[in-house]
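Reproduced below: data_6.csv, with CSV, C-alpha atoms and all ligand atoms.
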```
chain,number,residue,atom,x,y,z
B,1,MET,CA,-30.8,-2.1,-65.1
B,2,SER,CA,-29.1,-4.3,-67.7
B,3,SER,CA,-25.4,-5.0,-67.1
B,4,LYS,CA,-24.7,-3.7,-70.6
B,5,GLU,CA,-26.4,-0.3,-70.3
B,6,ARG,CA,-23.9,2.5,-70.6
B,7,PHE,CA,-23.9,5.6,-68.3
B,8,ALA,CA,-20.4,7.1,-68.4
B,9,HIS,CA,-21.1,9.4,-71.4
B,10,ALA,CA,-24.1,11.0,-69.6
B,11,MET,CA,-23.0,11.6,-66.0
B,12,GLU,CA,-19.9,12.5,-64.0
B,13,PHE,CA,-20.4,9.8,-61.3
B,14,PRO,CA,-21.9,6.3,-61.8
B,15,PRO,CA,-25.4,5.5,-60.5
B,16,ALA,CA,-25.5,3.8,-57.1
B,17,THR,CA,-24.9,0.0,-57.1
B,18,PRO,CA,-28.1,-1.7,-56.3
B,19,GLN,CA,-27.8,-3.2,-52.8
B,20,PRO,CA,-27.2,-5.6,-51.3
B,21,ASN,CA,-24.7,-6.8,-53.9
B,22,VAL,CA,-22.3,-9.7,-53.4
B,23,TYR,CA,-19.4,-7.7,-52.2
B,24,PRO,CA,-19.2,-4.9,-49.7
B,25,LEU,CA,-16.5,-2.4,-50.4
B,26,SER,CA,-16.1,-1.7,-46.7
B,27,TRP,CA,-14.2,-3.1,-43.7
B,28,HIS,CA,-16.4,-2.3,-40.6
B,29,SER,CA,-15.5,-3.7,-37.3
B,30,GLN,CA,-17.9,-3.9,-34.4
B,31,THR,CA,-17.4,-7.2,-32.7
B,32,ALA,CA,-13.9,-7.3,-31.0
B,33,LYS,CA,-14.2,-11.0,-30.2
B,34,MET,CA,-14.2,-11.8,-34.0
B,35,GLU,CA,-10.9,-10.1,-34.5
B,36,GLU,CA,-9.4,-12.2,-31.6
B,37,VAL,CA,-10.7,-15.4,-33.0
B,38,TRP,CA,-9.3,-14.6,-36.5
B,39,ASP,CA,-5.9,-13.8,-35.0
B,40,ALA,CA,-6.0,-17.2,-33.1
B,41,SER,CA,-6.9,-18.9,-36.4
B,42,GLN,CA,-3.8,-17.5,-38.0
B,43,ARG,CA,-1.5,-18.4,-35.1
B,44,GLU,CA,-2.9,-21.9,-34.8
B,45,TYR,CA,-2.9,-22.9,-38.5
B,46,TRP,CA,-1.6,-26.4,-39.0
B,47,ASP,CA,-0.8,-28.7,-41.9
B,48,PRO,CA,-2.3,-32.2,-42.0
B,49,LYS,CA,0.6,-33.5,-44.0
B,50,LYS,CA,3.1,-32.5,-41.3
B,51,LEU,CA,1.6,-34.7,-38.6
B,52,PRO,CA,4.0,-37.4,-37.4
B,53,TRP,CA,3.0,-39.8,-40.2
B,54,ASP,CA,6.5,-41.2,-40.2
B,55,THR,CA,5.7,-42.9,-36.9
B,56,PHE,CA,2.5,-44.4,-38.3
B,57,ASP,CA,2.9,-48.0,-39.6
B,58,PRO,CA,-0.4,-49.4,-40.7
B,59,ALA,CA,1.3,-52.8,-41.2
B,60,LYS,CA,1.4,-53.3,-37.5
B,61,TYR,CA,-2.4,-53.7,-37.5
B,62,SER,CA,-4.3,-56.7,-38.9
B,63,TRP,CA,-6.5,-56.1,-42.0
B,64,GLU,CA,-9.6,-56.4,-39.9
B,65,GLU,CA,-8.3,-53.7,-37.6
B,66,ARG,CA,-7.3,-51.4,-40.5
B,67,GLU,CA,-10.7,-51.7,-42.1
B,68,ALA,CA,-12.5,-51.1,-38.7
B,69,ILE,CA,-10.4,-48.0,-38.0
B,70,ALA,CA,-10.8,-46.7,-41.6
B,71,TYR,CA,-14.6,-47.2,-41.2
B,72,TRP,CA,-14.6,-44.8,-38.2
B,73,TRP,CA,-12.8,-42.2,-40.3
B,74,THR,CA,-15.2,-42.9,-43.2
B,75,LEU,CA,-18.2,-42.3,-40.8
B,76,LEU,CA,-16.5,-39.0,-39.8
B,77,SER,CA,-15.9,-38.1,-43.4
B,78,VAL,CA,-19.6,-38.3,-44.2
B,79,PHE,CA,-19.9,-35.2,-42.0
B,80,ASP,CA,-16.4,-33.6,-42.4
B,81,ALA,CA,-16.2,-33.9,-46.2
B,82,SER,CA,-19.4,-31.9,-46.5
B,83,ALA,CA,-18.1,-29.1,-44.2
B,84,PRO,CA,-15.9,-27.2,-46.8
B,85,PRO,CA,-18.7,-26.6,-49.3
B,86,VAL,CA,-21.2,-25.9,-46.5
B,87,PHE,CA,-19.1,-23.2,-44.9
B,88,ALA,CA,-18.0,-21.8,-48.3
B,89,GLU,CA,-21.7,-21.2,-49.0
B,90,ALA,CA,-22.1,-19.6,-45.5
B,91,MET,CA,-19.0,-17.4,-46.2
B,92,ILE,CA,-20.6,-16.2,-49.4
B,93,LYS,CA,-23.7,-15.3,-47.4
B,94,THR,CA,-21.6,-13.2,-45.0
B,95,TYR,CA,-20.5,-11.2,-48.1
B,96,GLU,CA,-24.0,-10.9,-49.5
B,97,ALA,CA,-25.2,-9.7,-46.1
B,98,HIS,CA,-22.3,-7.2,-46.0
B,99,GLU,CA,-21.2,-8.6,-42.6
B,100,GLU,CA,-18.4,-7.0,-40.6
B,101,ASP,CA,-14.9,-7.5,-42.1
B,102,ALA,CA,-13.8,-9.9,-39.3
B,103,VAL,CA,-17.0,-11.9,-39.5
B,104,ARG,CA,-16.2,-12.6,-43.2
B,105,ARG,CA,-12.7,-13.5,-42.3
B,106,CYS,CA,-13.8,-15.8,-39.5
B,107,PHE,CA,-16.1,-17.7,-41.9
B,108,PHE,CA,-13.2,-17.9,-44.3
B,109,SER,CA,-11.1,-19.4,-41.5
B,110,VAL,CA,-13.8,-22.0,-40.8
B,111,THR,CA,-13.9,-23.0,-44.5
B,112,ARG,CA,-10.1,-23.4,-44.5
B,113,ASP,CA,-10.1,-25.4,-41.2
B,114,GLU,CA,-12.8,-27.7,-42.4
B,115,GLN,CA,-10.8,-28.3,-45.6
B,116,ASN,CA,-7.9,-29.4,-43.3
B,117,HIS,CA,-10.2,-31.7,-41.4
B,118,GLU,CA,-11.3,-33.3,-44.6
B,119,GLN,CA,-7.7,-33.8,-45.6
B,120,LEU,CA,-6.9,-35.5,-42.3
B,121,CYS,CA,-9.8,-38.0,-43.0
B,122,GLY,CA,-8.4,-38.6,-46.5
B,123,LEU,CA,-4.9,-39.2,-45.3
B,124,ALA,CA,-5.9,-41.6,-42.5
B,125,ILE,CA,-8.2,-43.6,-44.8
B,126,THR,CA,-5.7,-43.7,-47.7
B,127,LYS,CA,-2.9,-45.0,-45.5
B,128,LEU,CA,-5.1,-47.5,-43.7
B,129,LEU,CA,-6.7,-49.0,-46.8
B,130,GLU,CA,-3.9,-48.3,-49.3
B,131,HIS,CA,-6.7,-46.9,-51.4
B,132,PRO,CA,-8.0,-43.3,-51.6
B,133,ASP,CA,-11.7,-44.1,-51.6
B,134,PRO,CA,-13.5,-46.2,-49.0
B,135,ILE,CA,-16.5,-46.8,-51.4
B,136,THR,CA,-14.5,-48.4,-54.3
B,137,TYR,CA,-12.0,-50.1,-52.0
B,138,GLU,CA,-12.1,-53.9,-52.2
B,139,PRO,CA,-12.5,-55.2,-48.6
B,140,LYS,CA,-10.1,-57.9,-47.5
B,141,THR,CA,-12.1,-59.3,-44.6
B,142,GLU,CA,-15.7,-60.4,-44.0
B,143,LEU,CA,-16.2,-57.6,-41.4
B,144,GLY,CA,-14.7,-55.1,-43.9
B,145,LYS,CA,-17.3,-56.1,-46.4
B,146,ARG,CA,-20.1,-55.4,-44.0
B,147,LEU,CA,-18.6,-52.1,-42.8
B,148,GLN,CA,-18.3,-51.0,-46.4
B,149,LYS,CA,-22.0,-51.7,-46.9
B,150,ASN,CA,-22.6,-49.4,-43.9
B,151,ALA,CA,-20.3,-46.8,-45.4
B,152,LYS,CA,-22.3,-46.8,-48.7
B,153,TRP,CA,-25.6,-46.3,-46.8
B,154,LEU,CA,-24.1,-43.4,-44.7
B,155,TYR,CA,-22.8,-41.8,-47.9
B,156,PHE,CA,-26.2,-42.2,-49.6
B,157,ASN,CA,-28.0,-40.5,-46.6
B,158,GLY,CA,-25.5,-37.7,-46.3
B,159,GLY,CA,-25.6,-37.0,-50.0
B,160,ARG,CA,-29.3,-36.1,-49.8
B,161,TYR,CA,-28.7,-33.0,-47.7
B,162,TRP,CA,-27.0,-30.7,-50.1
B,163,ASN,CA,-30.0,-29.6,-52.0
B,164,GLY,CA,-31.9,-28.9,-48.8
B,165,TYR,CA,-29.0,-26.9,-47.5
B,166,LYS,CA,-28.6,-24.8,-50.6
B,167,GLN,CA,-32.3,-23.9,-50.3
B,168,ALA,CA,-32.0,-23.2,-46.6
B,169,VAL,CA,-29.1,-20.8,-46.8
B,170,PRO,CA,-30.9,-17.9,-48.6
B,171,LYS,CA,-34.1,-18.6,-46.7
B,172,TYR,CA,-32.8,-18.3,-43.2
B,173,SER,CA,-31.0,-15.4,-41.5
B,174,LEU,CA,-27.5,-15.9,-40.4
B,175,ALA,CA,-28.8,-15.9,-36.8
B,176,VAL,CA,-30.8,-19.1,-37.5
B,177,LEU,CA,-27.9,-20.7,-39.3
B,178,PHE,CA,-25.6,-20.0,-36.3
B,179,SER,CA,-27.7,-22.1,-34.0
B,180,SER,CA,-27.2,-25.1,-36.3
B,181,PHE,CA,-23.5,-24.3,-36.8
B,182,LEU,CA,-23.0,-24.0,-33.0
B,183,MET,CA,-24.6,-27.4,-32.6
B,184,GLY,CA,-22.3,-28.9,-35.1
B,185,GLU,CA,-19.3,-27.3,-33.5
B,186,ILE,CA,-20.2,-28.4,-29.9
B,187,ALA,CA,-20.7,-31.9,-31.2
B,188,ALA,CA,-17.3,-31.8,-33.1
B,189,ALA,CA,-15.4,-30.3,-30.2
B,190,THR,CA,-16.8,-33.0,-27.9
B,191,ILE,CA,-15.8,-35.9,-30.2
B,192,PHE,CA,-12.3,-34.7,-31.0
B,193,HIS,CA,-11.4,-33.9,-27.4
B,194,GLN,CA,-12.4,-37.4,-26.5
B,195,MET,CA,-10.5,-39.0,-29.3
B,196,ALA,CA,-7.4,-36.9,-28.6
B,197,ALA,CA,-7.4,-37.9,-25.0
B,198,ASN,CA,-7.4,-41.6,-25.5
B,199,CYS,CA,-5.9,-42.4,-28.9
B,200,THR,CA,-2.4,-44.0,-28.8
B,201,GLU,CA,-1.3,-43.5,-32.4
B,202,PRO,CA,0.8,-40.2,-32.3
B,203,ALA,CA,-0.4,-38.9,-35.8
B,204,PHE,CA,-4.0,-39.4,-34.8
B,205,LYS,CA,-3.6,-38.0,-31.4
B,206,GLU,CA,-2.0,-34.8,-32.6
B,207,GLY,CA,-4.5,-34.5,-35.5
B,208,PHE,CA,-7.4,-34.8,-33.1
B,209,LYS,CA,-5.9,-32.3,-30.8
B,210,ASN,CA,-5.5,-29.8,-33.6
B,211,VAL,CA,-9.0,-30.4,-35.0
B,212,GLY,CA,-10.5,-30.1,-31.4
B,213,ARG,CA,-8.8,-26.7,-31.1
B,214,ASP,CA,-10.2,-25.6,-34.4
B,215,GLU,CA,-13.7,-26.6,-33.4
B,216,GLY,CA,-13.3,-24.7,-30.2
B,217,ARG,CA,-12.6,-21.5,-32.2
B,218,HIS,CA,-15.6,-22.3,-34.5
B,219,MET,CA,-17.8,-22.5,-31.3
B,220,ALA,CA,-16.4,-19.1,-30.2
B,221,ILE,CA,-17.4,-17.6,-33.6
B,222,CYS,CA,-21.0,-18.8,-33.2
B,223,MET,CA,-21.2,-17.7,-29.6
B,224,ALA,CA,-19.9,-14.2,-30.4
B,225,LEU,CA,-22.5,-13.8,-33.3
B,226,MET,CA,-25.3,-15.1,-31.0
B,227,GLU,CA,-24.3,-12.6,-28.4
B,228,ARG,CA,-24.5,-9.8,-31.0
B,229,ASP,CA,-27.7,-10.9,-32.7
B,230,TYR,CA,-29.9,-13.0,-30.4
B,231,PRO,CA,-31.1,-10.2,-28.1
B,232,LYS,CA,-33.0,-8.8,-31.0
B,233,LEU,CA,-34.2,-12.1,-32.5
B,234,GLU,CA,-37.7,-12.4,-34.0
B,235,LEU,CA,-40.3,-14.7,-32.4
B,236,ASP,CA,-40.6,-16.8,-35.6
B,237,ASP,CA,-36.8,-17.3,-35.6
B,238,ARG,CA,-36.9,-18.6,-32.1
B,239,SER,CA,-39.3,-21.5,-32.9
B,240,LEU,CA,-37.3,-22.2,-36.0
B,241,ILE,CA,-34.2,-22.6,-33.9
B,242,THR,CA,-35.9,-25.0,-31.6
B,243,LYS,CA,-36.9,-27.1,-34.6
B,244,GLN,CA,-33.4,-26.9,-36.1
B,245,VAL,CA,-31.8,-28.1,-32.8
B,246,ARG,CA,-34.0,-31.2,-32.8
B,247,ALA,CA,-33.1,-31.8,-36.5
B,248,GLY,CA,-29.5,-31.3,-35.7
B,249,TYR,CA,-29.7,-33.8,-32.9
B,250,LEU,CA,-31.1,-36.5,-35.2
B,251,PHE,CA,-28.5,-35.7,-37.9
B,252,LEU,CA,-25.4,-35.6,-35.8
B,253,SER,CA,-26.4,-38.6,-33.6
B,254,ALA,CA,-25.1,-40.8,-36.4
B,255,VAL,CA,-21.5,-39.8,-35.6
B,256,LEU,CA,-21.8,-38.7,-31.9
B,257,PHE,CA,-24.0,-41.6,-30.8
B,258,GLU,CA,-26.0,-44.0,-33.0
B,259,PRO,CA,-28.1,-43.1,-36.0
B,260,PRO,CA,-31.9,-42.9,-35.1
B,261,MET,CA,-33.4,-45.4,-37.5
B,262,GLU,CA,-36.6,-43.5,-38.0
B,263,PHE,CA,-34.6,-40.6,-39.5
B,264,TRP,CA,-31.7,-42.3,-41.2
B,265,ASP,CA,-32.5,-44.7,-44.0
B,266,LEU,CA,-30.3,-47.7,-43.0
B,267,PRO,CA,-30.4,-51.5,-43.3
B,268,GLU,CA,-31.4,-53.5,-40.2
B,269,ASP,CA,-27.9,-54.9,-39.6
B,270,PHE,CA,-26.3,-51.4,-39.7
B,271,ILE,CA,-25.9,-50.9,-35.9
B,272,ALA,CA,-24.7,-54.4,-35.2
B,273,ASN,CA,-22.0,-54.1,-37.9
B,274,GLN,CA,-20.9,-50.7,-36.6
B,275,ARG,CA,-20.7,-51.9,-33.0
B,276,GLU,CA,-18.6,-54.9,-34.1
B,277,GLY,CA,-16.2,-52.6,-36.1
B,278,GLU,CA,-15.9,-50.2,-33.1
B,279,GLU,CA,-15.1,-53.1,-30.8
B,280,ILE,CA,-12.2,-54.2,-33.0
B,281,ALA,CA,-10.9,-50.7,-33.5
B,282,ARG,CA,-11.0,-50.1,-29.7
B,283,LYS,CA,-9.1,-53.2,-29.0
B,284,ALA,CA,-6.5,-52.0,-31.5
B,285,GLY,CA,-6.0,-48.8,-29.4
B,286,PHE,CA,-8.3,-46.5,-31.4
B,287,ALA,CA,-10.3,-45.0,-28.6
B,288,ILE,CA,-13.9,-44.8,-29.9
B,289,PRO,CA,-16.0,-44.3,-26.7
B,290,GLU,CA,-18.4,-47.1,-25.6
B,291,TYR,CA,-22.2,-46.8,-25.9
B,292,GLU,CA,-22.8,-45.4,-22.4
B,293,ALA,CA,-19.8,-43.0,-22.7
B,294,LYS,CA,-21.1,-41.7,-26.1
B,295,LYS,CA,-24.6,-41.2,-24.7
B,296,GLU,CA,-23.2,-39.3,-21.6
B,297,ASN,CA,-21.0,-37.1,-23.8
B,298,TRP,CA,-23.8,-36.3,-26.3
B,299,ARG,CA,-26.1,-35.5,-23.4
B,300,ASN,CA,-23.6,-33.1,-21.9
B,301,ALA,CA,-23.1,-31.5,-25.3
B,302,MET,CA,-26.8,-31.0,-25.6
B,303,LEU,CA,-27.1,-29.5,-22.1
B,304,ASN,CA,-24.2,-27.2,-23.0
B,305,LEU,CA,-26.2,-25.9,-26.0
B,306,LYS,CA,-29.3,-25.7,-23.8
B,307,GLY,CA,-27.4,-23.4,-21.4
B,308,VAL,CA,-26.6,-21.1,-24.3
B,309,LEU,CA,-30.2,-21.0,-25.8
B,310,ASP,CA,-31.8,-20.6,-22.3
B,311,LYS,CA,-29.9,-17.3,-22.0
B,312,TYR,CA,-31.8,-16.0,-25.0
B,313,ASN,CA,-35.2,-17.6,-24.0
B,314,ILE,CA,-35.1,-19.9,-26.9
B,315,PRO,CA,-37.2,-23.1,-26.0
B,316,PHE,CA,-35.1,-26.3,-26.1
B,317,PRO,CA,-36.6,-29.3,-27.8
B,318,ALA,CA,-37.3,-32.6,-26.0
B,319,ILE,CA,-34.5,-35.1,-26.5
B,320,PRO,CA,-35.8,-38.2,-24.8
B,321,GLU,CA,-33.0,-40.3,-26.3
B,322,VAL,CA,-30.6,-38.8,-23.8
B,323,GLY,CA,-33.1,-37.9,-21.1
B,324,ILE,CA,-33.7,-34.2,-21.8
B,325,THR,CA,-37.2,-32.9,-21.5
B,326,GLY,CA,-38.5,-29.9,-23.4
B,327,GLU,CA,-40.7,-28.9,-26.3
B,328,GLU,CA,-42.0,-31.9,-28.3
B,329,ILE,CA,-40.9,-31.6,-32.0
B,330,THR,CA,-42.2,-34.3,-34.2
B,331,ASP,CA,-42.4,-33.1,-37.8
B,332,ILE,CA,-38.8,-33.3,-38.8
B,333,ASP,CA,-37.7,-34.4,-42.3
B,334,MET,CA,-34.5,-34.3,-44.4
B,335,GLU,CA,-35.6,-31.1,-46.1
B,336,ASP,CA,-35.4,-29.3,-42.8
B,337,ILE,CA,-31.8,-29.9,-42.0
B,338,ILE,CA,-29.0,-27.4,-42.0
B,339,PRO,CA,-26.2,-30.0,-41.9
B,340,VAL,CA,-22.9,-29.0,-40.4
B,341,PHE,CA,-19.9,-30.3,-38.6
X,401,FE,FE,-14.5,-29.9,-38.6
X,402,FE,FE,-16.1,-26.9,-37.3
```

What would you get if you wrote out this structure as structure tokens?
Ligand SMILES: [Fe+2]
Ligand SMILES: [Fe+2]
Amino acid sequence: MSSKERFAHAMEFPPATPQPNVYPLSWHSQTAKMEEVWDASQREYWDPKKLPWDTFDPAKYSWEEREAIAYWWTLLSVFDASAPPVFAEAMIKTYEAHEEDAVRRCFFSVTRDEQNHEQLCGLAITKLLEHPDPITYEPKTELGKRLQKNAKWLYFNGGRYWNGYKQAVPKYSLAVLFSSFLMGEIAAATIFHQMAANCTEPAFKEGFKNVGRDEGRHMAICMALMERDYPKLELDDRSLITKQVRAGYLFLSAVLFEPPMEFWDLPEDFIANQREGEEIARKAGFAIPEYEAKKENWRNAMLNLKGVLDKYNIPFPAIPEVGITGEEITDIDMEDIIPVF
């Protein structure tokens, strides 16, 4: 039916709108947990601008320290700055799928929260570098130059996911998307709780605490949807989820652990530069976990996810990097990723 075709002269009521269309005209509620999470998101809303920035004086750090700390925020931004459009796209999908009212609102809240997380990264980087963009910034130290080269490679890699994601969203059911989202949320909650516990700078500490709390709510949204949908999951979807978890591990390792070189396209000196930067940041009181602690945390996050997927008999992939045995998954490429944070 063309959108210009006219009916009103010929009939009393209009023809039925072809379904599904992008907006439901209904406000169904089935999953009580969703309403709870939405209410919490309203109560816990915070403003990145109102963190105690007045106590933050970047001048008390050396330029090497400032560039090293800003590098960590840049690494985080490679993930967090993609989250607003990623979740905005997922929110549209909840409308197209005529999801429950509170599910639509919950995805709206995730989009809004992720926008806050992106703002926090921007504020931290801009104050540290006195420049709003870590890619065009002119490094002041030799380490800063090498870290900027790292940042450029990370950004290049991250930028290659968007087209794949746009193709994945219509292809997969929300149920499959949730498993990737949950993985991102578990990873994010892990990292922000760690950073909040050990950072000394009040603005960072409070920011991390707020972000960690947001990520906990995002996890709860994914879990509630899994509880609703996974008992009736198709067999094909189960194996797709196993593959997505392996892909998500490789993708998110770059921020939670260290980027697997066979998957991330990075120069040879990347890891050495990053380790050097992290050491400087750590000594300045910015609590990036050490190699072994990162590995242990990432392993625990994966075991946490495994616990959830085991409940629904979804096979877990082998993750030999952190000593988890399971189904071997080898054929992962960039196209397969549903990137989230
Ligand atoms: Fe986030
Ligand atoms: Fe999140």

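Coordinates place CA of Gly285 in chain B at a distance of 11.9 Å from CA of Lys60 in chain B.
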
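Of the listed residues B:Thr111, B:Asn210, B:Thr31, B:Gln19, the one whose atoms come nearest to Leu225 in chain B is B:Thr31, with distances taken using all atoms listed in the file.
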
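Among the candidates B:Gly207, B:Pro134, B:Pro320, B:Pro267, the residue lying nearest to ligand FE 401 (chain X) is B:Gly207 (atoms considered: all atoms listed in the file).
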
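Using only C-alpha atoms, the protein and nucleic acid residues lying no more than 12 Å from Gln119 in chain B, apart from those fewer than 2 places from it along its own chain, are Trp46, Asp47, Pro48, Lys49, Lys50, Leu51, Trp73, Leu76, Ser77, Asp80, Ala81, Ser82, Ala83, Pro84, Arg112, Asp113, Glu114, Gln115, Asn116, His117, Cys121, Gly122, Leu123, Ala124, Ile125, Thr126, Pro132, Gly207 and Val211 of chain B.
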
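With only C-alpha atoms taken into account, the protein and nucleic acid residues at most 8 Å from range 214-221 of chain B (excluding it and anything under 3 positions from it in its own chain) are B:Met34, B:Val37, B:Ala40, B:Ser41, B:Cys106, B:Val110, B:Asp113, B:Leu182, B:Glu185, B:Ile186, B:Ala188, B:Ala189, B:Asn210, B:Val211, B:Ala224, B:Leu225.
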
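CA of Leu309 in chain B is found 25.9 Å from CA of Ile92 in chain B.
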
Your completed range 302-316 of chain B with N, CA and C atoms, as a short mmCIF file (atom, residue, chain, number, x, y, z; two decimals), in the coordinates of the input:
```
data_model
loop_
_atom_site.label_atom_id
_atom_site.label_comp_id
_atom_site.auth_asym_id
_atom_site.auth_seq_id
_atom_site.Cartn_x
_atom_site.Cartn_y
_atom_site.Cartn_z
N MET B 302 -25.49 -31.54 -25.44
CA MET B 302 -26.80 -31.00 -25.60
C MET B 302 -27.17 -30.01 -24.45
N LEU B 303 -26.78 -30.41 -23.24
CA LEU B 303 -27.10 -29.50 -22.10
C LEU B 303 -26.27 -28.24 -22.18
N ASN B 304 -25.07 -28.36 -22.71
CA ASN B 304 -24.20 -27.20 -23.00
C ASN B 304 -24.93 -26.21 -23.91
N LEU B 305 -25.47 -26.76 -25.00
CA LEU B 305 -26.20 -25.90 -26.00
C LEU B 305 -27.46 -25.36 -25.32
N LYS B 306 -28.12 -26.17 -24.51
CA LYS B 306 -29.30 -25.70 -23.80
C LYS B 306 -29.01 -24.49 -22.95
N GLY B 307 -27.87 -24.56 -22.27
CA GLY B 307 -27.40 -23.40 -21.40
C GLY B 307 -27.31 -22.15 -22.25
N VAL B 308 -26.77 -22.27 -23.47
CA VAL B 308 -26.60 -21.10 -24.30
C VAL B 308 -27.98 -20.57 -24.76
N LEU B 309 -28.86 -21.47 -25.23
CA LEU B 309 -30.20 -21.00 -25.80
C LEU B 309 -31.07 -20.50 -24.66
N ASP B 310 -30.96 -21.07 -23.44
CA ASP B 310 -31.80 -20.60 -22.30
C ASP B 310 -31.49 -19.10 -22.04
N LYS B 311 -30.24 -18.70 -22.22
CA LYS B 311 -29.90 -17.30 -22.00
C LYS B 311 -30.68 -16.34 -22.84
N TYR B 312 -31.07 -16.84 -24.04
CA TYR B 312 -31.80 -16.00 -25.00
C TYR B 312 -33.29 -16.36 -25.04
N ASN B 313 -33.77 -17.13 -24.03
CA ASN B 313 -35.20 -17.60 -24.00
C ASN B 313 -35.61 -18.28 -25.26
N ILE B 314 -34.76 -19.12 -25.80
CA ILE B 314 -35.10 -19.90 -26.90
C ILE B 314 -35.48 -21.33 -26.40
N PRO B 315 -36.76 -21.76 -26.59
CA PRO B 315 -37.20 -23.10 -26.00
C PRO B 315 -36.30 -24.20 -26.58
N PHE B 316 -35.94 -25.14 -25.72
CA PHE B 316 -35.10 -26.30 -26.10
C PHE B 316 -36.04 -27.44 -26.47
#
```
